Each structure stands twice: as structure tokens, then as C-alpha cells.
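Asks: So that we are looking at the same thing, I have put the structure below in C-alpha cells.
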Amino acid sequence: MPGTSQYFEPEPAVASRPRTLELVLPDATLQLKSDRGVFSSAGIDAGTKLLLLESPAPPAGAVDVLDLGCGYGPIALTLAHRAPQATVLAIDVNQRALDLCAANAVANDLSNVRACAPGAVPDDVRFAGIWSNPPIRIGKVALHELLLSWLERLTDDGRAWFVVQKHLGSDSLVRWLADEGWTGQRRVSRAGYRILEVDRA
């Protein structure tokens, strides 16, 4: 709804109040500027960090990979750090989030991140991997449409990695994926979160 300052709004209504966060991983430490009106603005989301700890690095080489719902960029920047030859497309509907993600990539000397709106991704781009903490709160119908539209853009051997809270429907999401011709496997279950690996059935 307009004016509610949800993180999935194109233009957050809440006033800007930036802050700097630190993402510490075994292989990287990133300084990330966050702001009100974007997802998990007050601190690194626990599910996002679990995804980054437990999912694999992107494939080697000059591949395209996707951060679906990038926010201020913790996933995109980590992927870019782990796969410097890859191009990381970081997409979000929230313009404030996109601006933060792009600025954070520059601040962390990561030149292989492209932050853009979903409609700016060329139709012919196919992804060797998709990583996402998907926006569950947009509603089931909208979420399903979103996931299907991007899963269809995986390469034949591509994989997607999602983190979903158990109480927000991770198990029902696995069942729905199977109905749609995708294999969703629970790879990690910890602290109320599931890490799902998704590929073509």
C-alpha cells in the first residue's frame, strides 16, 4: 500500500536515515550502508547471513548470476567477491535499495555488480545461479509469479538458492515448486530457517 514504507515499495515514504553495517563472513568482511525503507535496514538479516554461510560460490568463469531482491546488497556483494569474473545482476523494485547496493559495490571495490530494476535486465540474459532471500511478505500469488519468472531464466544446469523462514511457508514452497516442475531440496535447516536448492525437475 502506498505510504506504508514497506521494503517492497518502489519509492519508500519513510525519511532517509542511513547507517553503516558490517557483514563478517569467513572469506570476507564488507562495509554496507543501509537506510530506512529497505529490507533489514537495522542489521544484517539472520536468514541472509545463513544463506551466505551455507550456499556455494557462483560457478567459475564469466557467468551471469542473480541476486533477486538485493536490498542494500549483502548477497550481491558477497557473490561478486567470491566470483570476480562473474557479473552479478542485483535487482530490486525499491529504488533506494538499488542506489545503496550500487554505492556499496563501489565502496567495497567490487566492479562486477550491476544494480538495476527488474525490467532493465535484458531478455536474453540467462543465469548460472540465483540467490535470494525472497520477499515472502508480498503475498503468495505475487511471490509465486516472481519466482517462476526468474527461475525460467536459469541455464539448463543452473541452480537457485533460497532462504525462507520455516514458519513463513518454506515447506509449502517446496511442494509448490514440485507442482511447477522444479525440484526444491532442503539443504540446511537451522534457527527457524530453511536453505532450499532449486533446479529443474
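All residue names refer to the C-alpha cells as shown: chains lettered A, B, ... in order, residues numbered from 1 in each chain, ligands numbered from 1 in order.
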Any idea what's packed within 12 Å of Ser172 (chain A), counting only C-alpha atoms, ignoring anything in its chain fewer than 3 positions away? Could you give it as a PyMOL selection string?

Replies: chain A and resi 140+144+164-169+175-179+184+186+194+196

Asks: Okay, now the selection with N, CA and C atoms, as a PDB file, in the first residue's frame?

Replies:
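Writing done, so here's selection.pdb:
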```pdb
ATOM      1  N   LYS A 140       1.452 -14.632  -1.439  1.00  0.00           N
ATOM      2  CA  LYS A 140       1.780 -15.896  -2.111  1.00  0.00           C
ATOM      3  C   LYS A 140       1.659 -15.804  -3.624  1.00  0.00           C
ATOM      4  N   HIS A 144       4.882 -16.256  -6.034  1.00  0.00           N
ATOM      5  CA  HIS A 144       4.972 -17.350  -6.998  1.00  0.00           C
ATOM      6  C   HIS A 144       5.242 -16.829  -8.406  1.00  0.00           C
ATOM      7  N   VAL A 164      14.322 -19.267   3.437  1.00  0.00           N
ATOM      8  CA  VAL A 164      12.931 -18.980   3.807  1.00  0.00           C
ATOM      9  C   VAL A 164      12.726 -19.411   5.259  1.00  0.00           C
ATOM     10  N   GLN A 165      12.055 -18.575   6.016  1.00  0.00           N
ATOM     11  CA  GLN A 165      11.732 -18.958   7.384  1.00  0.00           C
ATOM     12  C   GLN A 165      10.735 -20.114   7.380  1.00  0.00           C
ATOM     13  N   LYS A 166      10.944 -21.056   8.270  1.00  0.00           N
ATOM     14  CA  LYS A 166      10.065 -22.221   8.331  1.00  0.00           C
ATOM     15  C   LYS A 166       8.620 -21.812   8.570  1.00  0.00           C
ATOM     16  N   HIS A 167       8.387 -20.870   9.482  1.00  0.00           N
ATOM     17  CA  HIS A 167       7.003 -20.520   9.818  1.00  0.00           C
ATOM     18  C   HIS A 167       6.354 -19.609   8.775  1.00  0.00           C
ATOM     19  N   LEU A 168       7.146 -19.171   7.778  1.00  0.00           N
ATOM     20  CA  LEU A 168       6.577 -18.376   6.689  1.00  0.00           C
ATOM     21  C   LEU A 168       6.361 -19.205   5.424  1.00  0.00           C
ATOM     22  N   GLY A 169       6.405 -20.521   5.554  1.00  0.00           N
ATOM     23  CA  GLY A 169       5.968 -21.361   4.441  1.00  0.00           C
ATOM     24  C   GLY A 169       7.041 -22.023   3.617  1.00  0.00           C
ATOM     25  N   ARG A 175       6.685 -27.791  -1.904  1.00  0.00           N
ATOM     26  CA  ARG A 175       5.603 -28.541  -2.568  1.00  0.00           C
ATOM     27  C   ARG A 175       5.127 -27.812  -3.814  1.00  0.00           C
ATOM     28  N   TRP A 176       4.984 -26.498  -3.724  1.00  0.00           N
ATOM     29  CA  TRP A 176       4.536 -25.720  -4.879  1.00  0.00           C
ATOM     30  C   TRP A 176       5.559 -25.803  -6.009  1.00  0.00           C
ATOM     31  N   LEU A 177       6.839 -25.704  -5.687  1.00  0.00           N
ATOM     32  CA  LEU A 177       7.878 -25.813  -6.707  1.00  0.00           C
ATOM     33  C   LEU A 177       7.782 -27.139  -7.448  1.00  0.00           C
ATOM     34  N   ALA A 178       7.539 -28.221  -6.712  1.00  0.00           N
ATOM     35  CA  ALA A 178       7.406 -29.537  -7.346  1.00  0.00           C
ATOM     36  C   ALA A 178       6.223 -29.560  -8.302  1.00  0.00           C
ATOM     37  N   ASP A 179       5.129 -28.946  -7.912  1.00  0.00           N
ATOM     38  CA  ASP A 179       3.955 -28.882  -8.777  1.00  0.00           C
ATOM     39  C   ASP A 179       4.234 -28.112 -10.057  1.00  0.00           C
ATOM     40  N   GLY A 184      12.857 -28.751  -5.360  1.00  0.00           N
ATOM     41  CA  GLY A 184      13.330 -27.946  -4.246  1.00  0.00           C
ATOM     42  C   GLY A 184      13.760 -28.856  -3.105  1.00  0.00           C
ATOM     43  N   ARG A 186      15.653 -29.258   0.684  1.00  0.00           N
ATOM     44  CA  ARG A 186      16.111 -28.575   1.902  1.00  0.00           C
ATOM     45  C   ARG A 186      17.546 -28.998   2.183  1.00  0.00           C
ATOM     46  N   ARG A 194      15.151 -22.335   6.502  1.00  0.00           N
ATOM     47  CA  ARG A 194      15.487 -23.408   5.574  1.00  0.00           C
ATOM     48  C   ARG A 194      16.285 -22.816   4.420  1.00  0.00           C
ATOM     49  N   LEU A 196      17.017 -23.675   0.655  1.00  0.00           N
ATOM     50  CA  LEU A 196      16.482 -24.530  -0.410  1.00  0.00           C
ATOM     51  C   LEU A 196      17.369 -24.436  -1.637  1.00  0.00           C
TER      52      LEU A 196
END
```

Asks: So that I can check the surroundings of Pro74 (chain A), please list as a tab-separated table (two decimals) with N, CA and C atoms, in the first residue's frame every protein, DNA and RNA residue that reaches within 8 Å of it, counting only C-alpha atoms and ignoring chain neighbours fewer than 6 positions away.

Replies:
```
chain	number	residue	atom	x	y	z
A	23	LEU	N	29.22	-6.70	7.51
A	23	LEU	CA	28.93	-8.10	7.24
A	23	LEU	C	30.24	-8.87	7.35
A	32	LEU	N	28.67	-2.03	4.67
A	32	LEU	CA	27.46	-1.80	3.89
A	32	LEU	C	26.66	-0.65	4.47
A	44	ILE	N	22.21	-6.88	9.55
A	44	ILE	CA	22.24	-7.97	8.57
A	44	ILE	C	21.21	-9.02	8.97
A	48	THR	N	19.64	-14.12	5.65
A	48	THR	CA	20.59	-13.76	4.60
A	48	THR	C	21.99	-14.25	4.97
```

Asks: Write out as number ranges by chain each polymer residue whose atoms come within 12 Å of Asp123 (chain A), counting only C-alpha atoms; drop sequence neighbours fewer than 5 positions from it.

Replies: A: 118, 149-150, 152-153

Asks: Keeping only C-alpha atoms, write the selected residues to a file as a PDB file, in the first residue's frame.

Replies:
```pdb
ATOM      1  CA  PRO A 118      13.901  -5.953 -12.921  1.00  0.00           C
ATOM      2  CA  SER A 149       9.559 -15.591 -13.926  1.00  0.00           C
ATOM      3  CA  TRP A 150      13.190 -15.672 -12.796  1.00  0.00           C
ATOM      4  CA  GLU A 152      12.741 -19.796 -16.028  1.00  0.00           C
ATOM      5  CA  ARG A 153      15.847 -17.751 -16.800  1.00  0.00           C
TER       6      ARG A 153
END
```

Asks: For Ala13 (chain A), which residue among A:Arg96, A:Trp131, A:Ile75, A:Val106 is the nearest when counting only C-alpha atoms?

Replies: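 Selected residue with least distance to Ala13 (chain A): A:Arg96.
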
Asks: From the options A:Asp124, A:Asp92, A:Asp109, A:Asp45, which residue's atoms come nearest to Tyr193 (chain A), counting only C-alpha atoms?

Replies: A:Asp45
